[in-house]
file coords_21.cif (mmCIF, C-alpha atoms)
data_input
#
loop_
_atom_site.label_atom_id
_atom_site.label_comp_id
_atom_site.auth_asym_id
_atom_site.auth_seq_id
_atom_site.Cartn_x
_atom_site.Cartn_y
_atom_site.Cartn_z
CA MET B 18 -16.61 -10.30 13.67
CA ASN B 19 -17.43 -9.02 17.16
CA ALA B 20 -14.28 -10.07 18.95
CA LYS B 21 -14.11 -10.20 22.73
CA THR B 22 -10.40 -10.58 23.43
CA VAL B 23 -7.83 -9.09 21.06
CA ALA B 24 -4.20 -10.12 21.40
CA ILE B 25 -1.77 -7.41 20.30
CA ILE B 26 1.83 -8.39 19.67
CA GLY B 27 4.26 -5.60 20.52
CA ALA B 28 3.96 -2.58 22.82
CA GLY B 29 5.51 -0.03 20.50
CA PRO B 30 3.66 3.13 19.41
CA VAL B 31 1.35 1.29 17.00
CA GLY B 32 0.73 -1.62 19.38
CA LEU B 33 -0.26 0.72 22.20
CA ALA B 34 -2.44 2.71 19.80
CA ALA B 35 -4.12 -0.55 18.77
CA ALA B 36 -4.82 -1.33 22.42
CA ALA B 37 -6.29 2.14 22.97
CA HIS B 38 -8.62 1.86 19.97
CA VAL B 39 -9.65 -1.70 20.84
CA PHE B 40 -10.39 -0.64 24.42
CA GLU B 41 -12.45 2.34 23.25
CA ARG B 42 -14.50 -0.07 21.15
CA GLY B 43 -15.46 -2.08 24.22
CA LEU B 44 -13.21 -5.01 23.41
CA SER B 45 -10.51 -6.48 25.68
CA PRO B 46 -6.92 -5.95 24.51
CA VAL B 47 -4.02 -8.01 25.82
CA VAL B 48 -0.62 -6.70 24.75
CA LEU B 49 2.32 -9.11 24.65
CA GLU B 50 5.67 -7.32 24.64
CA ALA B 51 8.96 -9.22 24.32
CA GLY B 52 10.97 -6.50 26.04
CA SER B 53 11.00 -5.48 29.66
CA ALA B 54 9.02 -2.28 29.00
CA ALA B 55 6.87 -0.67 26.35
CA GLY B 56 8.77 0.79 23.42
CA HIS B 57 11.55 -1.79 23.68
CA ALA B 58 12.70 -1.37 20.08
CA ILE B 59 12.69 2.43 20.33
CA ARG B 60 14.92 2.16 23.38
CA GLN B 61 17.59 0.78 21.03
CA TRP B 62 17.59 4.04 19.03
CA GLN B 63 16.47 6.57 21.61
CA HIS B 64 19.34 8.91 20.64
CA VAL B 65 17.84 9.44 17.17
CA HIS B 66 15.68 12.44 16.27
CA LEU B 67 12.45 11.66 14.46
CA PHE B 68 11.80 13.36 11.12
CA SER B 69 8.21 14.15 12.04
CA PRO B 70 7.11 16.53 14.83
CA TRP B 71 5.02 15.52 17.82
CA ALA B 72 1.81 16.38 15.95
CA TYR B 73 2.36 13.30 13.75
CA ASN B 74 3.50 10.94 16.51
CA ILE B 75 0.57 10.83 18.93
CA ASP B 76 -2.44 8.62 18.28
CA LYS B 77 -5.84 10.21 18.89
CA ALA B 78 -7.33 7.39 20.99
CA ALA B 79 -4.14 7.24 23.05
CA ALA B 80 -4.27 11.01 23.55
CA ARG B 81 -7.85 10.73 24.81
CA MET B 82 -6.75 8.09 27.29
CA LEU B 83 -3.82 10.19 28.45
CA ALA B 84 -5.92 13.35 28.81
CA ALA B 85 -7.91 11.66 31.57
CA THR B 86 -4.69 11.35 33.61
CA GLY B 87 -3.85 15.07 33.40
CA TRP B 88 -1.12 14.46 30.82
CA ASN B 89 0.16 17.51 28.97
CA SER B 90 0.80 16.99 25.28
CA PRO B 91 4.29 18.07 24.11
CA ASP B 92 4.70 21.00 21.74
CA PRO B 93 3.13 19.66 18.53
CA GLN B 94 5.71 21.39 16.32
CA SER B 95 8.86 20.18 18.11
CA TYR B 96 10.79 17.11 16.99
CA PRO B 97 11.35 14.43 19.65
CA THR B 98 14.16 11.95 19.95
CA GLY B 99 13.28 8.31 20.46
CA GLY B 100 13.99 8.79 24.16
CA GLU B 101 11.68 11.78 24.37
CA LEU B 102 8.98 9.82 22.56
CA ILE B 103 9.26 7.20 25.30
CA ASP B 104 9.40 9.63 28.23
CA GLY B 105 6.77 12.04 26.98
CA TYR B 106 4.27 9.63 25.46
CA LEU B 107 4.83 5.87 25.51
CA ASP B 108 5.76 5.46 29.18
CA PRO B 109 2.80 7.54 30.43
CA LEU B 110 0.46 5.68 28.08
CA ALA B 111 1.72 2.29 29.24
CA THR B 112 1.88 3.05 32.97
CA ARG B 113 -0.73 5.71 33.83
CA THR B 114 -3.77 4.68 31.79
CA PRO B 115 -5.97 1.56 31.90
CA LEU B 116 -3.51 -0.02 29.44
CA ARG B 117 -1.15 -0.70 32.34
CA ASP B 118 -3.29 -3.69 33.32
CA MET B 119 -3.39 -5.03 29.77
CA ILE B 120 0.34 -5.15 28.95
CA ARG B 121 2.40 -8.25 29.66
CA THR B 122 6.09 -7.41 29.36
CA SER B 123 8.97 -9.89 28.94
CA SER B 124 6.49 -12.02 27.00
CA ARG B 125 7.94 -13.14 23.68
CA VAL B 126 5.44 -14.74 21.29
CA THR B 127 6.78 -18.03 19.94
CA ALA B 128 3.83 -19.42 17.94
CA ILE B 129 0.21 -18.73 16.95
CA SER B 130 -2.41 -21.15 15.70
CA ARG B 131 -6.13 -21.81 16.16
CA VAL B 132 -7.40 -24.11 18.86
CA GLY B 133 -7.89 -27.56 17.34
CA PHE B 134 -6.83 -26.48 13.84
CA ASP B 135 -3.56 -26.80 12.02
CA LYS B 136 -2.89 -24.73 8.91
CA ALA B 137 -4.43 -27.28 6.55
CA LYS B 138 -7.81 -27.75 8.27
CA THR B 139 -10.59 -25.46 7.01
CA ARG B 140 -14.15 -26.33 8.04
CA GLY B 141 -15.17 -24.25 11.08
CA ARG B 142 -11.76 -22.59 11.26
CA GLU B 143 -13.09 -19.04 11.50
CA ARG B 144 -15.01 -19.88 14.69
CA ALA B 145 -12.04 -21.30 16.57
CA PRO B 146 -10.17 -18.95 18.92
CA PHE B 147 -6.51 -18.20 18.38
CA GLU B 148 -3.94 -19.88 20.59
CA ILE B 149 -0.95 -17.62 21.25
CA ARG B 150 2.05 -19.23 22.87
CA TYR B 151 4.60 -16.99 24.52
CA GLN B 152 7.62 -17.29 26.78
CA ASN B 153 8.29 -15.32 29.94
CA GLY B 154 10.42 -15.74 33.04
CA LYS B 155 8.11 -18.44 34.41
CA GLY B 156 8.31 -20.51 31.22
CA PRO B 157 5.85 -21.16 28.39
CA GLU B 158 2.41 -19.56 28.61
CA VAL B 159 -0.75 -19.74 26.48
CA LEU B 160 -3.26 -17.00 25.69
CA ARG B 161 -6.51 -17.55 23.82
CA ALA B 162 -8.00 -14.67 21.86
CA ASP B 163 -10.74 -13.96 19.34
CA ALA B 164 -8.48 -11.81 17.16
CA VAL B 165 -4.79 -10.97 16.77
CA ILE B 166 -3.07 -7.77 15.66
CA ASP B 167 0.63 -8.29 14.97
CA THR B 168 2.50 -5.00 15.51
CA SER B 169 5.82 -6.62 16.38
CA GLY B 170 7.78 -4.51 13.91
CA THR B 171 11.01 -5.38 12.15
CA TRP B 172 13.78 -3.81 14.26
CA PHE B 173 15.17 -7.10 15.51
CA SER B 174 15.39 -8.70 12.06
CA PRO B 175 17.75 -6.43 10.10
CA ASN B 176 18.81 -7.09 6.55
CA PRO B 177 22.30 -8.60 6.20
CA ALA B 178 25.36 -7.00 4.64
CA GLY B 179 25.36 -9.23 1.55
CA ASN B 180 24.30 -7.45 -1.62
CA ASN B 181 21.97 -10.27 -2.73
CA GLY B 182 19.75 -10.42 0.35
CA LEU B 183 21.85 -13.17 1.93
CA PRO B 184 24.51 -12.69 4.59
CA ALA B 185 27.91 -11.95 3.11
CA ILE B 186 30.25 -14.91 3.15
CA GLY B 187 31.92 -14.76 6.56
CA GLU B 188 29.34 -12.35 8.02
CA ARG B 189 28.35 -14.60 10.91
CA ALA B 190 31.97 -15.41 11.75
CA CYS B 191 32.77 -11.68 11.95
CA ALA B 192 29.70 -10.81 14.04
CA GLY B 193 31.84 -9.33 16.81
CA ARG B 194 32.85 -6.45 14.54
CA ILE B 195 29.42 -5.81 13.03
CA ALA B 196 26.47 -3.78 14.30
CA TYR B 197 23.12 -3.30 12.59
CA GLY B 198 20.70 -0.41 12.38
CA MET B 199 21.81 2.84 13.99
CA PRO B 200 24.03 2.37 17.06
CA ASP B 201 24.61 5.33 19.38
CA VAL B 202 28.18 5.99 18.23
CA ARG B 203 28.55 9.19 20.27
CA GLY B 204 26.80 7.89 23.38
CA ALA B 205 26.30 4.36 24.68
CA ALA B 206 28.56 2.82 22.00
CA ARG B 207 31.16 5.61 21.97
CA SER B 208 34.06 3.51 23.28
CA ARG B 209 33.49 0.95 20.53
CA TYR B 210 33.87 3.46 17.70
CA ALA B 211 36.04 6.30 19.02
CA GLY B 212 39.39 6.47 17.23
CA LYS B 213 38.43 3.64 14.88
CA ARG B 214 38.02 3.31 11.13
CA VAL B 215 34.29 2.65 10.82
CA ALA B 216 32.58 1.54 7.61
CA VAL B 217 28.86 2.22 7.23
CA LEU B 218 26.92 0.25 4.61
CA GLY B 219 23.63 1.66 3.35
CA ALA B 220 22.03 4.60 1.59
CA GLY B 221 18.98 5.38 3.72
CA HIS B 222 18.43 7.74 6.61
CA SER B 223 19.91 5.36 9.20
CA ALA B 224 23.20 5.23 7.31
CA VAL B 225 23.20 8.98 6.71
CA GLY B 226 22.50 9.76 10.37
CA THR B 227 25.19 7.39 11.58
CA LEU B 228 27.78 8.85 9.20
CA ILE B 229 26.97 12.37 10.39
CA ASP B 230 27.39 11.24 14.00
CA LEU B 231 30.73 9.63 13.13
CA VAL B 232 31.97 12.91 11.64
CA HIS B 233 31.08 14.66 14.90
CA LEU B 234 32.78 11.86 16.82
CA ALA B 235 35.89 12.38 14.70
CA ASP B 236 35.92 16.05 15.77
CA GLU B 237 35.85 14.91 19.39
CA GLU B 238 37.98 11.77 19.12
CA PRO B 239 40.96 12.07 16.74
CA GLY B 240 41.57 9.01 14.64
CA THR B 241 37.91 8.26 14.00
CA GLN B 242 37.49 7.68 10.26
CA PRO B 243 34.04 7.22 8.72
CA VAL B 244 33.84 5.31 5.44
CA TRP B 245 30.60 5.17 3.45
CA LEU B 246 30.00 1.94 1.53
CA LEU B 247 27.38 2.65 -1.11
CA ARG B 248 25.88 -0.08 -3.27
CA GLY B 249 24.76 2.41 -5.89
CA ALA B 250 26.84 4.61 -8.16
CA ASP B 251 25.57 8.08 -7.25
CA PRO B 252 25.99 9.42 -3.68
CA ALA B 253 23.79 12.43 -4.49
CA LYS B 254 20.70 10.23 -4.53
CA ALA B 255 20.98 9.86 -0.76
CA PHE B 256 20.98 13.61 -0.14
CA GLY B 257 17.17 13.87 -0.20
CA GLY B 258 14.88 16.62 -1.38
CA GLY B 259 16.36 19.42 0.71
CA ARG B 260 13.99 22.37 0.92
CA ASN B 261 11.42 20.53 -1.22
CA ASP B 262 10.93 17.92 1.51
CA LYS B 263 7.78 18.76 3.51
CA LEU B 264 9.25 16.85 6.47
CA ALA B 265 11.74 19.64 7.14
CA ALA B 266 13.99 17.68 9.51
CA ARG B 267 14.53 15.02 6.86
CA GLY B 268 15.42 17.61 4.25
CA GLU B 269 17.88 19.29 6.60
CA LEU B 270 19.57 15.96 7.34
CA GLY B 271 20.18 15.33 3.64
CA SER B 272 21.57 18.83 3.09
CA ALA B 273 23.94 18.53 6.05
CA PHE B 274 25.12 15.14 4.85
CA ALA B 275 25.78 16.44 1.32
CA ALA B 276 28.01 19.18 2.75
CA LEU B 277 30.04 16.68 4.81
CA VAL B 278 30.57 14.42 1.81
CA ALA B 279 31.64 17.39 -0.32
CA SER B 280 34.13 18.45 2.36
CA GLY B 281 35.90 15.09 2.23
CA LYS B 282 35.18 14.27 5.87
CA ILE B 283 33.51 11.02 4.77
CA LYS B 284 35.41 8.65 2.49
CA VAL B 285 33.02 7.27 -0.13
CA GLU B 286 33.19 3.89 -1.87
CA THR B 287 30.53 3.67 -4.58
CA GLU B 288 29.21 0.56 -6.34
CA PHE B 289 30.38 -1.45 -3.35
CA GLY B 290 28.22 -4.56 -3.07
CA VAL B 291 29.60 -6.50 -0.12
CA THR B 292 30.21 -10.18 -0.83
CA HIS B 293 32.85 -11.33 1.69
CA LEU B 294 33.86 -10.43 5.25
CA SER B 295 36.97 -11.74 6.96
CA GLU B 296 39.48 -10.99 9.70
CA SER B 297 42.70 -9.42 8.42
CA ASP B 298 45.63 -8.65 10.75
CA GLY B 299 43.35 -7.65 13.60
CA SER B 300 40.97 -5.70 11.39
CA LEU B 301 37.94 -6.45 9.25
CA ARG B 302 38.38 -6.93 5.50
CA ILE B 303 35.22 -5.97 3.63
CA ALA B 304 35.25 -7.20 0.05
CA ALA B 305 33.04 -6.45 -2.93
CA GLY B 306 33.10 -8.80 -5.89
CA SER B 307 34.49 -12.26 -6.42
CA CYS B 308 36.90 -13.63 -3.86
CA CYS B 309 39.90 -13.26 -6.16
CA GLY B 310 40.51 -9.73 -7.37
CA ALA B 311 37.70 -8.21 -5.30
CA ARG B 312 37.80 -4.59 -4.19
CA SER B 313 38.22 -4.35 -0.45
CA VAL B 314 38.11 -1.91 2.42
CA ILE B 315 39.89 -2.47 5.72
CA ALA B 316 38.04 -1.22 8.79
CA ASP B 317 37.88 -1.81 12.53
CA GLU B 318 34.08 -1.91 12.62
CA LEU B 319 31.20 -2.29 10.18
CA ILE B 320 27.73 -0.82 10.70
CA VAL B 321 25.13 -2.39 8.43
CA SER B 322 22.27 0.06 7.80
CA THR B 323 20.53 -1.74 4.96
CA GLY B 324 17.01 -1.81 6.32
CA PHE B 325 14.89 -4.50 7.93
CA ARG B 326 12.62 -7.37 7.04
CA PRO B 327 9.67 -8.97 8.89
CA ASP B 328 9.96 -12.12 10.98
CA PHE B 329 7.21 -14.62 10.13
CA SER B 330 8.68 -17.56 12.04
CA PHE B 331 5.98 -17.60 14.74
CA LEU B 332 3.17 -17.30 12.17
CA SER B 333 3.86 -20.50 10.25
CA GLU B 334 0.51 -22.13 11.22
CA LEU B 335 -1.57 -19.16 10.07
CA ARG B 336 -2.87 -18.57 6.57
CA LEU B 337 -1.04 -15.46 5.45
CA ARG B 338 -1.47 -13.82 2.09
CA LEU B 339 1.77 -11.98 1.35
CA ASP B 340 3.23 -10.38 -1.74
CA PRO B 341 6.14 -12.61 -2.81
CA ALA B 342 8.53 -9.70 -3.29
CA ILE B 343 7.63 -7.03 -0.74
CA GLU B 344 6.37 -9.48 1.93
CA ALA B 345 3.47 -7.15 2.71
CA PRO B 346 -0.24 -8.10 2.59
CA VAL B 347 -1.14 -8.56 -1.06
CA ALA B 348 -3.68 -5.71 -1.13
CA LEU B 349 -1.21 -3.29 0.45
CA ALA B 350 1.89 -4.23 -1.55
CA PRO B 351 0.98 -2.37 -4.77
CA LEU B 352 0.51 0.83 -2.77
CA ILE B 353 4.01 0.73 -1.27
CA ASP B 354 6.10 -1.29 -3.76
CA PRO B 355 9.43 0.60 -3.94
CA ASN B 356 9.99 -0.70 -7.45
CA GLU B 357 6.98 1.31 -8.61
CA HIS B 358 6.41 4.15 -6.16
CA SER B 359 8.67 7.15 -6.18
CA CYS B 360 7.22 9.13 -3.29
CA GLY B 361 7.81 8.55 0.38
CA THR B 362 4.19 8.28 1.45
CA VAL B 363 1.24 6.18 0.35
CA ARG B 364 -2.45 6.87 0.67
CA PRO B 365 -4.01 5.88 3.99
CA HIS B 366 -5.30 2.33 4.28
CA GLY B 367 -6.91 0.09 6.85
CA ALA B 368 -8.45 -3.26 7.68
CA ARG B 369 -9.38 -4.14 4.11
CA GLU B 370 -5.80 -3.88 2.83
CA LEU B 371 -4.30 -5.52 5.92
CA ALA B 372 -6.50 -8.62 6.20
CA HIS B 373 -5.24 -12.13 5.45
CA ASP B 374 -6.91 -15.43 4.67
CA GLU B 375 -6.98 -16.03 8.43
CA PRO B 376 -10.16 -14.29 9.67
CA GLY B 377 -9.46 -12.07 12.65
CA PHE B 378 -5.71 -11.82 12.05
CA TYR B 379 -4.06 -8.56 10.97
CA MET B 380 -0.57 -7.18 10.62
CA ALA B 381 -0.12 -3.47 11.28
CA GLY B 382 2.66 -0.97 11.77
CA MET B 383 6.12 -1.40 10.33
CA LYS B 384 5.71 -5.16 9.94
CA SER B 385 2.77 -4.69 7.58
CA TYR B 386 5.09 -2.91 5.12
CA GLY B 387 7.28 -6.00 4.76
CA ARG B 388 10.53 -4.88 3.13
CA ALA B 389 9.28 -1.46 2.00
CA PRO B 390 10.86 1.39 4.00
CA THR B 391 8.27 4.17 3.61
CA PHE B 392 6.27 3.59 6.80
CA LEU B 393 5.12 6.59 8.84
CA MET B 394 3.94 6.26 12.44
CA MET B 395 0.67 8.06 11.79
CA THR B 396 -0.06 5.61 8.97
CA GLY B 397 0.13 2.86 11.57
CA TYR B 398 -2.28 4.74 13.83
CA GLU B 399 -4.81 4.92 10.99
CA GLN B 400 -4.31 1.21 10.33
CA VAL B 401 -5.20 0.17 13.87
CA ARG B 402 -8.10 2.62 14.12
CA SER B 403 -9.62 0.92 11.09
CA ILE B 404 -8.82 -2.59 12.37
CA ALA B 405 -10.41 -1.91 15.77
CA ALA B 406 -13.56 -0.63 14.05
CA ASP B 407 -13.65 -3.74 11.85
CA LEU B 408 -13.28 -6.07 14.83
CA ALA B 409 -16.10 -4.24 16.59
CA GLY B 410 -18.36 -4.72 13.59
CA ASP B 411 -18.37 -1.05 12.54
CA LYS B 412 -17.67 -1.65 8.84
CA GLU B 413 -18.47 1.94 7.88
CA ALA B 414 -15.83 3.35 10.23
CA ALA B 415 -13.36 0.67 9.17
CA ALA B 416 -13.69 1.73 5.53
CA ARG B 417 -13.61 5.46 6.27
CA VAL B 418 -10.33 7.37 5.84
CA GLU B 419 -9.56 9.61 8.82
CA LEU B 420 -5.99 10.57 7.97
CA VAL B 421 -4.53 13.16 5.61
CA LEU B 422 -0.86 12.47 4.97
CA PRO B 423 1.57 15.34 4.33
CA GLU B 424 2.95 15.72 0.83
CA THR B 425 6.66 14.95 1.17
CA GLY B 426 7.89 16.48 -2.05
CA VAL B 427 10.48 13.70 -2.17
CA CYS B 428 10.82 10.92 -4.72
CA THR B 429 12.26 7.65 -3.48
CA ARG B 430 13.55 5.33 -6.15
CA GLY B 431 14.40 1.83 -5.00
CA GLY B 432 13.29 2.73 -1.49
CA VAL B 433 14.52 -0.42 0.20
CA GLU B 434 17.99 0.32 1.48
CA ALA B 435 19.11 -3.19 0.62
CA VAL B 436 18.83 -2.45 -3.08
CA GLY B 437 20.12 1.10 -2.99
CA ALA B 438 17.68 3.53 -1.49
CA ALA B 439 17.73 6.87 -3.15
CA SER B 440 15.68 9.87 -2.21
CA GLY B 441 15.57 13.18 -3.92
CA CYS B 442 14.27 14.18 -7.29
CA CYS B 443 16.00 15.99 -10.13
CA GLY B 444 12.81 17.21 -11.77
CA GLY B 445 11.90 20.01 -9.37
CA PRO B 446 8.77 20.15 -7.24
CA ALA B 447 5.46 19.36 -8.87
CA LYS B 448 2.82 22.02 -9.32
CA GLU B 449 0.33 22.24 -6.50
CA GLU B 450 -2.47 20.61 -8.50
CA LEU B 451 -0.40 17.64 -9.67
CA SER B 452 -0.59 14.23 -8.02
CA ALA B 453 3.15 13.62 -7.97
CA CYS B 454 6.13 14.53 -5.87
CA CYS B 455 8.10 16.22 -8.65
CA ALA B 456 7.59 17.58 -12.14
CA ALA B 457 9.62 14.85 -13.82
CA ASP B 458 7.58 12.21 -12.04
CA GLU B 459 4.36 13.77 -13.37
CA THR B 460 5.79 13.77 -16.88
CA ALA B 461 6.63 10.08 -16.54
CA ARG B 462 3.10 9.27 -15.40
CA LYS B 463 1.57 11.08 -18.34
CA ALA B 464 3.76 9.00 -20.64
CA GLY B 465 2.45 5.83 -19.05
CA ARG B 466 5.63 4.98 -17.14
CA THR B 467 6.03 4.16 -13.45
CA GLY B 468 8.62 5.35 -10.98
CA CYS B 469 10.41 8.67 -10.91
CA GLY B 470 10.77 10.45 -14.21
CA CYS B 471 14.31 11.37 -13.21
CA SER B 472 15.48 7.77 -13.46
#
call {"tool": "encode", "arguments": {"input": "coords_21.cif", "output": "structure tokens"}}
result
Amino acid sequence: MNAKTVAIIGAGPVGLAAAAHVFERGLSPVVLEAGSAAGHAIRQWQHVHLFSPWAYNIDKAAARMLAATGWNSPDPQSYPTGGELIDGYLDPLATRTPLRDMIRTSSRVTAISRVGFDKAKTRGRERAPFEIRYQNGKGPEVLRADAVIDTSGTWFSPNPAGNNGLPAIGERACAGRIAYGMPDVRGAARSRYAGKRVAVLGAGHSAVGTLIDLVHLADEEPGTQPVWLLRGADPAKAFGGGRNDKLAARGELGSAFAALVASGKIKVETEFGVTHLSESDGSLRIAAGSCCGARSVIADELIVSTGFRPDFSFLSELRLRLDPAIEAPVALAPLIDPNEHSCGTVRPHGARELAHDEPGFYMAGMKSYGRAPTFLMMTGYEQVRSIAADLAGDKEAAARVELVLPETGVCTRGGVEAVGAASGCCGGPAKEELSACCAADETARKAGRTGCGCS
């Protein structure tokens, strides 16, 4: 398909990279961003350090665009915060390159279909342009495009606190005491958490980072009490691979967290699957188990760091082909399924794995991973490079792999924080020639089993 106009939903790192690759291919990208500026989701966690250095966070087509403006690339070996990623890369890309004329901010996509076709009508469907409806300050708008790349991410659709994928009973009523993701507890949200008893639910890196920040806040603001609510039984599984982790910053985070837990600075509640939330004498009662006789924790605030899920509400008139469990494209799901894969990276993939039954429509970036948590930014850059080549008719380039992922040396069982993410491996690092992240994992594979051999 030799598309003319390509609508790109979301102006995050992968969305802007998609626009750069599409533009290089001689096509016309139009980027629709719901926020007031590029990188809107990252601006919600700009206090957080990335686990990967700058070398892994800059797309090649975007870098070529920026080079023409006199932009100086940051130190490739340093680790940026979200804010530094915005200031040093995303803002210049969105405002100083030709992309500035292709981005429509404050433009929230509300629905996508094909002109003259509902979901059920087939004959001639592939020749009809897409109709993208979006809302901005002037009211409803319509954009027609030959192809669509959805890079809208998952940040604004977090998983709930309930341990069965549903909101806990009373969760909506207690919304004023609940935050999701990774709030800036030592910065913008400091007054909300200082001197409070704060429960953090989750076992992934967002929960770990927030708990570490709360310990530091407790050193600065007496009375701050972090409580870790862990759905699983073993806290050690959240400590990561330490020195075996090839993303050094991630390994260091896990090691630091393990030391804080061992010191008693973080109160730990294991096997705590939240079922009920309620107000109790001016505080929040967090219960696990049946209503009568349930275990409970009393806190002032709850931070739910249980991962994210994609929002498909505006895609209901498109023919999507999604894995029923992971909610990723069916060809991609087996590569990233956290029930089967123990390592934190997957092999590079592109247009073929990301296509749907709707010709010309692709998901990329974090949203393409559905509920799996193992996405890396550079994986998204490879995705959109391949998609842009496919849309331009360069099937050879679309099929070619142009990315070598780092070996993480970390096994991730469960993966999705909502079902008890656990990184780290008890089997020791694999030998260099083995295709596994740890020796026990390799043993399991040889025996015909899936998942980490440590399980």
call {"tool": "closest_residue", "arguments": {"input": "coords_21.cif", "among": "B:Ala273, B:Met394, B:Ala145, B:Ala406", "to": "Leu67 (chain B)", "atoms": "only C-alpha atoms"}}
result
B:Met394
call {"tool": "residues_near_point", "arguments": {"input": "coords_21.cif", "point": "(-4.7, 2.1, 17.4)", "cutoff": "6 Å", "atoms": "only C-alpha atoms", "output": "list in words"}}
result
Ala34, Ala35, Ala37, His38, Tyr398, Val401 and Arg402 of chain B
call {"tool": "residues_around", "arguments": {"input": "coords_21.cif", "residues": "region 128-140 of chain B", "least_positions_apart": "4", "cutoff": "7 Å", "atoms": "only C-alpha atoms", "output": "mmCIF file with C-alpha atoms, in the frame of the given file"}}
result
data_model
loop_
_atom_site.group_PDB
_atom_site.id
_atom_site.type_symbol
_atom_site.label_atom_id
_atom_site.label_comp_id
_atom_site.auth_asym_id
_atom_site.auth_seq_id
_atom_site.Cartn_x
_atom_site.Cartn_y
_atom_site.Cartn_z
ATOM 1 C CA ALA B 145 -12.040 -21.300 16.570
ATOM 2 C CA PRO B 146 -10.170 -18.950 18.920
ATOM 3 C CA PHE B 147 -6.510 -18.200 18.380
ATOM 4 C CA GLU B 148 -3.940 -19.880 20.590
ATOM 5 C CA ILE B 149 -0.950 -17.620 21.250
ATOM 6 C CA ARG B 150 2.050 -19.230 22.870
ATOM 7 C CA PHE B 331 5.980 -17.600 14.740
ATOM 8 C CA LEU B 332 3.170 -17.300 12.170
ATOM 9 C CA GLU B 334 0.510 -22.130 11.220
ATOM 10 C CA LEU B 335 -1.570 -19.160 10.070
ATOM 11 C CA ARG B 336 -2.870 -18.570 6.570
#
call {"tool": "resolve_selection", "arguments": {"input": "coords_21.cif", "expression": "the PyMOL selection byres ((chain B and resi 370) around 8)", "output": "list in words"}}
result
Pro346, Val347, Ala348, Leu349, His366, Gly367, Ala368, Arg369, Leu371 and Ala372 of chain B
call {"tool": "closest_residue", "arguments": {"input": "coords_21.cif", "among": "B:Glu143, B:Asp236, B:Asp167, B:Asp251", "to": "Glu286 (chain B)", "atoms": "only C-alpha atoms"}}
result
B:Asp251
